[in-house]
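Enquirer: Provided herewith: model02.cif, mmCIF, C-alpha atoms.
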data_entry
loop_
_atom_site.label_atom_id
_atom_site.label_comp_id
_atom_site.auth_asym_id
_atom_site.auth_seq_id
_atom_site.Cartn_x
_atom_site.Cartn_y
_atom_site.Cartn_z
CA MET A 138 53.55 -60.29 50.21
CA SER A 139 51.73 -61.51 47.11
CA TYR A 140 48.24 -60.43 46.09
CA PRO A 141 45.73 -62.36 43.97
CA ALA A 142 45.70 -61.21 40.36
CA LYS A 143 42.10 -62.26 39.76
CA THR A 144 39.01 -60.75 41.37
CA LEU A 145 36.54 -62.85 39.40
CA HIS A 146 35.22 -66.12 40.81
CA ARG A 147 32.64 -68.56 39.38
CA GLN A 148 30.56 -71.07 41.34
CA VAL A 149 28.03 -73.60 40.06
CA LEU A 150 25.35 -73.85 42.76
CA ARG A 151 22.99 -76.18 40.88
CA TRP A 152 24.01 -78.37 37.98
CA ASP A 153 21.60 -79.72 35.36
CA PRO A 154 23.54 -82.13 33.11
CA TYR A 155 20.64 -82.29 30.65
CA LEU A 156 20.32 -78.54 30.09
CA GLU A 157 22.40 -78.33 26.93
CA PRO A 158 22.28 -75.18 24.76
CA ASN A 159 19.42 -75.15 22.28
CA GLU A 160 18.85 -72.50 19.63
CA ASP A 161 15.10 -72.61 20.35
CA ASP A 162 15.49 -71.73 24.06
CA MET A 163 13.90 -68.49 25.24
CA GLU A 164 16.63 -66.24 26.62
CA PHE A 165 16.53 -62.82 28.25
CA ARG A 166 18.26 -60.79 30.97
CA LEU A 167 17.02 -59.35 34.24
CA THR A 168 19.04 -56.76 36.15
CA TYR A 169 19.08 -55.32 39.64
CA ALA A 170 21.05 -52.54 41.33
CA GLY A 171 20.71 -51.75 45.02
CA ARG A 172 20.93 -53.49 48.36
CA LEU A 173 21.03 -57.29 48.48
CA LEU A 174 20.76 -58.62 52.03
CA SER A 175 21.67 -62.15 53.06
CA ALA A 176 18.95 -64.73 53.66
CA THR A 177 19.82 -65.37 57.29
CA ASN A 178 17.51 -66.57 60.03
CA ASP A 179 17.66 -63.79 62.60
CA LYS A 180 15.42 -61.20 64.24
CA ARG A 181 15.25 -59.21 61.00
CA VAL A 182 13.51 -61.99 59.08
CA ALA A 183 10.16 -60.15 59.04
CA GLU A 184 11.69 -56.92 57.75
CA ARG A 185 13.67 -58.94 55.23
CA SER A 186 10.36 -59.88 53.55
CA LEU A 187 9.93 -56.19 52.68
CA HIS A 188 13.43 -56.12 51.20
CA VAL A 189 12.66 -59.18 49.08
CA HIS A 190 9.38 -57.71 47.88
CA ASP A 191 11.08 -54.42 46.96
CA ILE A 192 13.42 -56.40 44.70
CA ARG A 193 10.44 -58.41 43.38
CA LYS A 194 8.75 -55.13 42.41
CA GLU A 195 11.82 -54.02 40.47
CA LEU A 196 11.94 -57.33 38.59
CA HIS A 197 8.17 -57.13 37.93
CA LYS A 198 8.73 -53.94 35.91
CA GLN A 199 11.17 -55.77 33.64
CA MET A 200 8.99 -58.87 33.33
CA GLN A 201 6.03 -56.63 32.49
CA VAL A 202 7.93 -55.20 29.51
CA LEU A 203 8.97 -58.70 28.44
CA TRP A 204 5.35 -59.92 28.49
CA ARG A 205 4.26 -56.88 26.50
CA GLU A 206 6.99 -57.02 23.85
CA HIS A 207 7.95 -60.68 23.38
CA PRO A 208 5.95 -62.49 20.65
CA VAL A 209 5.86 -65.77 22.58
CA LEU A 210 4.24 -64.03 25.54
CA ASN A 211 2.09 -61.49 23.67
CA PRO A 212 0.32 -63.01 20.64
CA ARG A 213 -0.37 -59.57 19.21
CA ARG A 214 3.38 -59.26 18.65
CA SER A 215 3.53 -62.54 16.74
CA SER A 216 2.81 -63.12 13.06
CA MET A 217 1.87 -66.69 13.99
CA GLY A 218 -0.91 -65.68 16.38
CA ILE A 219 0.24 -68.19 19.00
CA ILE A 220 -0.99 -68.52 22.56
CA GLY A 221 -3.35 -66.01 24.05
CA GLY A 222 -4.20 -65.94 27.72
CA ASN A 223 -3.66 -69.54 28.81
CA TRP A 224 -1.20 -68.59 31.54
CA GLN A 225 -1.77 -69.74 35.08
CA GLU A 226 -2.39 -67.00 37.65
CA PHE A 227 -2.38 -67.14 41.46
CA ASN A 228 -4.23 -65.00 44.00
CA ARG A 229 -2.15 -64.02 47.03
CA GLU A 230 -3.22 -61.30 49.49
CA ASP A 231 -4.99 -59.15 46.84
CA PHE A 232 -2.21 -59.74 44.30
CA LEU A 233 -2.76 -61.62 41.06
CA PHE A 234 0.63 -63.21 40.32
CA ARG A 235 1.46 -64.43 36.84
CA PRO A 236 4.64 -66.56 36.83
CA MET A 237 6.25 -67.58 33.56
CA VAL A 238 7.66 -70.89 34.84
CA THR A 239 5.22 -73.13 36.71
CA GLU A 240 4.84 -76.80 37.53
CA GLN A 241 1.68 -76.96 35.44
CA ASN A 242 3.20 -75.60 32.23
CA GLY A 243 6.22 -77.90 32.47
CA LEU A 244 8.86 -75.18 32.07
CA ILE A 245 12.21 -74.99 33.84
CA CYS A 246 14.89 -72.32 33.82
CA LYS A 247 18.62 -71.86 33.97
CA LEU A 248 20.32 -68.84 35.58
CA GLU A 249 23.77 -67.47 34.84
CA ILE A 250 24.31 -64.69 37.37
CA LEU A 251 26.93 -61.94 37.36
CA LEU A 252 27.13 -60.46 40.86
CA LEU A 253 29.24 -57.33 41.33
CA ARG A 254 29.72 -56.45 44.97
CA HIS A 255 31.99 -54.61 47.36
CA GLY A 256 35.12 -56.44 48.45
CA ASN A 257 38.85 -56.57 48.11
CA PRO A 258 40.42 -58.84 45.48
CA GLY A 259 40.11 -62.44 46.58
CA ASN A 260 37.34 -61.70 49.10
CA VAL A 261 34.37 -61.00 46.84
CA ILE A 262 32.89 -64.49 47.24
CA PHE A 263 31.92 -63.98 50.90
CA ASP A 264 28.31 -64.97 51.71
CA ILE A 265 27.36 -65.47 48.05
CA ASP A 266 24.96 -68.36 48.72
CA ASN A 267 22.83 -66.38 51.19
CA ARG A 268 22.61 -63.39 48.86
CA ILE A 269 21.60 -65.59 45.93
CA LYS A 270 18.85 -67.11 48.10
CA THR A 271 17.43 -63.60 48.50
CA LEU A 272 17.42 -63.23 44.72
CA PHE A 273 15.66 -66.59 44.35
CA ASP A 274 12.95 -65.44 46.76
CA ALA A 275 12.46 -62.24 44.73
CA LEU A 276 12.19 -64.18 41.45
CA ARG A 277 9.29 -66.31 42.70
CA MET A 278 5.80 -65.68 44.08
CA PRO A 279 5.51 -65.11 47.82
CA LYS A 280 4.04 -68.07 49.68
CA GLY A 281 1.79 -66.07 51.98
CA PRO A 282 1.37 -62.84 53.99
CA ALA A 283 4.56 -63.49 55.98
CA GLU A 284 6.51 -63.03 52.73
CA LEU A 285 4.62 -59.82 51.91
CA GLY A 286 5.42 -57.89 55.08
CA GLN A 287 3.13 -59.34 57.73
CA ASN A 288 4.20 -58.25 61.24
CA THR A 289 6.43 -55.48 59.87
CA THR A 290 6.34 -51.72 60.25
CA ARG A 291 4.87 -51.34 56.75
CA GLY A 292 2.39 -54.20 57.05
CA VAL A 293 1.25 -56.59 54.32
CA GLN A 294 2.00 -55.04 50.95
CA LYS A 295 -0.77 -54.37 48.44
CA PRO A 296 -0.46 -54.17 44.65
CA ALA A 297 0.12 -50.82 42.97
CA LYS A 298 -1.94 -49.75 39.95
CA ASP A 299 0.57 -51.21 37.49
CA GLU A 300 0.91 -54.50 39.38
CA ASN A 301 -2.21 -56.28 38.14
CA PRO A 302 -1.17 -58.83 37.17
CA PHE A 303 2.12 -58.94 39.06
CA TYR A 304 4.71 -60.65 36.86
CA VAL A 305 7.31 -62.98 38.36
CA LEU A 306 9.66 -65.45 36.75
CA LEU A 307 8.79 -68.47 38.89
CA GLU A 308 6.01 -70.16 40.77
CA ASP A 309 8.67 -71.82 42.95
CA ASP A 310 12.46 -71.58 42.92
CA LYS A 311 12.76 -75.38 42.75
CA LEU A 312 12.02 -74.91 39.03
CA ILE A 313 15.51 -73.41 38.67
CA THR A 314 17.47 -76.48 37.63
CA HIS A 315 20.85 -74.89 36.90
CA VAL A 316 22.56 -71.91 38.57
CA ALA A 317 26.05 -70.54 38.06
CA VAL A 318 27.28 -67.37 39.78
CA THR A 319 30.22 -65.26 38.71
CA SER A 320 31.21 -62.75 41.38
CA ASP A 321 33.52 -59.81 40.89
CA MET A 322 34.44 -56.46 42.39
CA LEU A 323 31.93 -53.63 42.15
CA LEU A 324 33.76 -50.57 40.85
CA GLU A 325 30.72 -48.27 40.63
CA PRO A 326 28.56 -48.24 43.80
CA VAL A 327 24.83 -47.73 43.42
CA PRO A 328 23.86 -44.08 44.06
CA GLY A 329 22.23 -43.60 47.45
CA ILE A 330 23.38 -47.00 48.76
CA PRO A 331 26.42 -47.37 51.07
CA PRO A 332 29.29 -48.85 49.02
CA ASP A 333 29.60 -51.92 51.25
CA GLU A 334 25.88 -52.70 50.70
CA SER A 335 25.75 -52.01 46.96
CA VAL A 336 25.39 -54.73 44.36
CA ARG A 337 24.81 -54.79 40.63
CA VAL A 338 23.36 -58.03 39.28
CA VAL A 339 22.83 -59.30 35.73
CA MET A 340 20.84 -62.54 35.41
CA ASP A 341 20.93 -64.39 32.10
CA VAL A 342 17.71 -66.43 32.06
CA THR A 343 17.09 -69.47 29.86
CA VAL A 344 13.57 -70.93 29.79
CA ARG A 345 12.65 -74.24 28.15
CA PRO A 346 10.17 -77.09 28.56
CA TYR A 347 11.02 -80.04 30.77
CA ASN A 348 8.12 -82.04 29.39
CA THR A 349 6.88 -80.75 26.03
CA HIS A 350 3.11 -80.58 25.59
CA GLN A 351 0.53 -78.40 23.86
CA GLY A 352 0.68 -75.75 26.58
CA ASN A 353 4.40 -75.01 26.21
CA GLY A 354 5.08 -75.95 22.59
CA MET A 355 5.82 -72.31 21.74
CA PHE A 356 9.09 -72.63 23.73
CA THR A 357 10.45 -75.33 21.37
#
Please rewrite the model in this file as structure tokens.
Expert:
Amino acid sequence: MSYPAKTLHRQVLRWDPYLEPNEDDMEFRLTYAGRLLSATNDKRVAERSLHVHDIRKELHKQMQVLWREHPVLNPRRSSMGIIGGNWQEFNREDFLFRPMVTEQNGLICKLEILLLRHGNPGNVIFDIDNRIKTLFDALRMPKGPAELGQNTTRGVQKPAKDENPFYVLLEDDKLITHVAVTSDMLLEPVPGIPPDESVRVVMDVTVRPYNTHQGNGMFT
């Protein structure tokens, strides 16, 4: 019996032929370690909204640091004194969401995702698409109370003290124009999470204007 030598597998889920590398692109990484449930339509869909929002909260903490430290996002960090509070914000169920990439500001993003998960060599690609959909949902704003825990045991979620504004990457996941996923075996399970439910994710994010105008010129 022969066994596959490679555990690593790469899939391109969305392809943007015009998204060529540019030295002026804004690039950063977001990470996640924990459970990553599939985006399946079953009786757990309401409880799944809580799972998605828990991931969203973890990503908010990283985006919050990025907004505080990056000179493009925080003019006080820039010697050029650029921008300063012209970012679109959205009210949702007592939250004030501030996405980086919106339809109005004309930005798009590319994702290169490394997904480490439980599985034997050759079988680590199982159900990748549905897990990535869960990540997409956590990267964007919720669309209403149903995506913030309505009709669940915990009820509609409310912002914590450090979640005003609540930072997310996207207004809508349709603004992700290119996605590639590399999956591989997880060799170090996440503490406190059953090994077969553990994932470690690294997302390389590239942000750039689709249509350049005065509001997004700092990204060029």
Enquirer: With the PyMOL selection byres ((chain A and resi 326) around 12) as the selection, what would be picked from this file? Answer as a PyMOL selection string, please.
Expert: chain A and resi 170-172+253-256+322-325+327-338
Enquirer: For the selection just defined, write its residues with C-alpha atoms to a file, as a PDB file, keeping the file's coordinate frame.
Expert:
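Printed below is selection.pdb as written:
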ATOM      1  CA  ALA A 170      21.050 -52.540  41.330  1.00  0.00           C
ATOM      2  CA  GLY A 171      20.710 -51.750  45.020  1.00  0.00           C
ATOM      3  CA  ARG A 172      20.930 -53.490  48.360  1.00  0.00           C
ATOM      4  CA  LEU A 253      29.240 -57.330  41.330  1.00  0.00           C
ATOM      5  CA  ARG A 254      29.720 -56.450  44.970  1.00  0.00           C
ATOM      6  CA  HIS A 255      31.990 -54.610  47.360  1.00  0.00           C
ATOM      7  CA  GLY A 256      35.120 -56.440  48.450  1.00  0.00           C
ATOM      8  CA  MET A 322      34.440 -56.460  42.390  1.00  0.00           C
ATOM      9  CA  LEU A 323      31.930 -53.630  42.150  1.00  0.00           C
ATOM     10  CA  LEU A 324      33.760 -50.570  40.850  1.00  0.00           C
ATOM     11  CA  GLU A 325      30.720 -48.270  40.630  1.00  0.00           C
ATOM     12  CA  VAL A 327      24.830 -47.730  43.420  1.00  0.00           C
ATOM     13  CA  PRO A 328      23.860 -44.080  44.060  1.00  0.00           C
ATOM     14  CA  GLY A 329      22.230 -43.600  47.450  1.00  0.00           C
ATOM     15  CA  ILE A 330      23.380 -47.000  48.760  1.00  0.00           C
ATOM     16  CA  PRO A 331      26.420 -47.370  51.070  1.00  0.00           C
ATOM     17  CA  PRO A 332      29.290 -48.850  49.020  1.00  0.00           C
ATOM     18  CA  ASP A 333      29.600 -51.920  51.250  1.00  0.00           C
ATOM     19  CA  GLU A 334      25.880 -52.700  50.700  1.00  0.00           C
ATOM     20  CA  SER A 335      25.750 -52.010  46.960  1.00  0.00           C
ATOM     21  CA  VAL A 336      25.390 -54.730  44.360  1.00  0.00           C
ATOM     22  CA  ARG A 337      24.810 -54.790  40.630  1.00  0.00           C
ATOM     23  CA  VAL A 338      23.360 -58.030  39.280  1.00  0.00           C
TER      24      VAL A 338
END
Enquirer: Figure out the distance between atom CA of A:Pro279 and atom CA of A:Ser320, please, to one decimal in Å.
Expert: 26.6 Å
Enquirer: What's the separation between atom CA of A:Leu167 and atom CA of A:Lys280, in Å to one decimal place?
Expert: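 Computed distance, atom CA of A:Leu167 to atom CA of A:Lys280, equals 22.0 Å.
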Enquirer: Do you have the atom CA of A:Phe227-atom CA of A:Thr343 distance handy?
Expert: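 Distance reported for this atom pair: 22.8 Å.
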Enquirer: Might you spell out which residues the PyMOL selection byres ((chain A and resi 309) around 10) would select in the displayed file, as a short mmCIF file (atom, residue, chain, number, x, y, z; two decimals) with C-alpha atoms, in the frame of the given file?
Expert:
data_model
loop_
_atom_site.label_atom_id
_atom_site.label_comp_id
_atom_site.auth_asym_id
_atom_site.auth_seq_id
_atom_site.Cartn_x
_atom_site.Cartn_y
_atom_site.Cartn_z
CA PRO A 236 4.64 -66.56 36.83
CA VAL A 238 7.66 -70.89 34.84
CA THR A 239 5.22 -73.13 36.71
CA GLU A 240 4.84 -76.80 37.53
CA PHE A 273 15.66 -66.59 44.35
CA ASP A 274 12.95 -65.44 46.76
CA LEU A 276 12.19 -64.18 41.45
CA ARG A 277 9.29 -66.31 42.70
CA MET A 278 5.80 -65.68 44.08
CA PRO A 279 5.51 -65.11 47.82
CA LYS A 280 4.04 -68.07 49.68
CA LEU A 306 9.66 -65.45 36.75
CA LEU A 307 8.79 -68.47 38.89
CA GLU A 308 6.01 -70.16 40.77
CA ASP A 310 12.46 -71.58 42.92
CA LYS A 311 12.76 -75.38 42.75
CA LEU A 312 12.02 -74.91 39.03
CA ILE A 313 15.51 -73.41 38.67
#
Enquirer: Between A:Val209, A:Ala317, A:Val344, A:Ala275, which one has atoms that come closest to A:Tyr169, using all atoms listed in the file?
Expert: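 Closest to A:Tyr169, using all atoms listed in the file: A:Ala275.
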Enquirer: Selection in question (the file shown): the PyMOL selection byres ((chain A and resi 294) around 9). Which residues does it include, as a list of chain:residue names?
Expert: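 With the PyMOL selection byres ((chain A and resi 294) around 9) on this model, the match is A:Leu187, A:His190, A:Glu230, A:Pro282, A:Leu285, A:Gly286, A:Gln287, A:Arg291, A:Gly292, A:Val293, A:Lys295, A:Pro296.
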Enquirer: For a quick check of understanding, using all atoms listed in the file, which of A:Ala283, A:Pro346, A:Val339, A:Thr168 has the smallest distance to A:Glu195?
Expert: A:Thr168
Enquirer: For A:Glu164, which of A:Leu203, A:Val318, A:Leu233, A:Val149 is the closest residue, counting all atoms listed in the file?
Expert: A:Leu203
Enquirer: Compile the contact shell of A:Val202 as a compact mmCIF listing (two decimals) with C-alpha atoms, in the frame of the given file: residues with an atom at most 12 Å away, counting only C-alpha atoms, same-chain residues fewer than 3 positions apart removed.
Expert:
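Below is the file out27.txt, written as the result:
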# COMPACT_ATOMS: atom_id res chain seq x y z
CA PHE A 165 16.53 -62.82 28.25
CA ARG A 166 18.26 -60.79 30.97
CA LEU A 167 17.02 -59.35 34.24
CA GLU A 195 11.82 -54.02 40.47
CA LEU A 196 11.94 -57.33 38.59
CA HIS A 197 8.17 -57.13 37.93
CA LYS A 198 8.73 -53.94 35.91
CA GLN A 199 11.17 -55.77 33.64
CA ARG A 205 4.26 -56.88 26.50
CA GLU A 206 6.99 -57.02 23.85
CA HIS A 207 7.95 -60.68 23.38
CA PRO A 208 5.95 -62.49 20.65
CA LEU A 210 4.24 -64.03 25.54
CA ASN A 211 2.09 -61.49 23.67
CA ASP A 299 0.57 -51.21 37.49
CA PHE A 303 2.12 -58.94 39.06
CA TYR A 304 4.71 -60.65 36.86
CA VAL A 305 7.31 -62.98 38.36
Enquirer: Have a look at A:Arg345, A:Leu252, A:Gln201, A:Gly281 and name the one nearest to A:Glu300; count only C-alpha atoms.
Expert: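 When distances to A:Glu300 are compared using only C-alpha atoms, the smallest one comes from A:Gln201.
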Enquirer: I need the residue nearest A:Lys194 from this list: A:Asp266, A:His315, A:Thr290, A:Ala297. Use only C-alpha atoms for the distance.
Expert: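 Under the stated criterion, the closest residue is A:Ala297.
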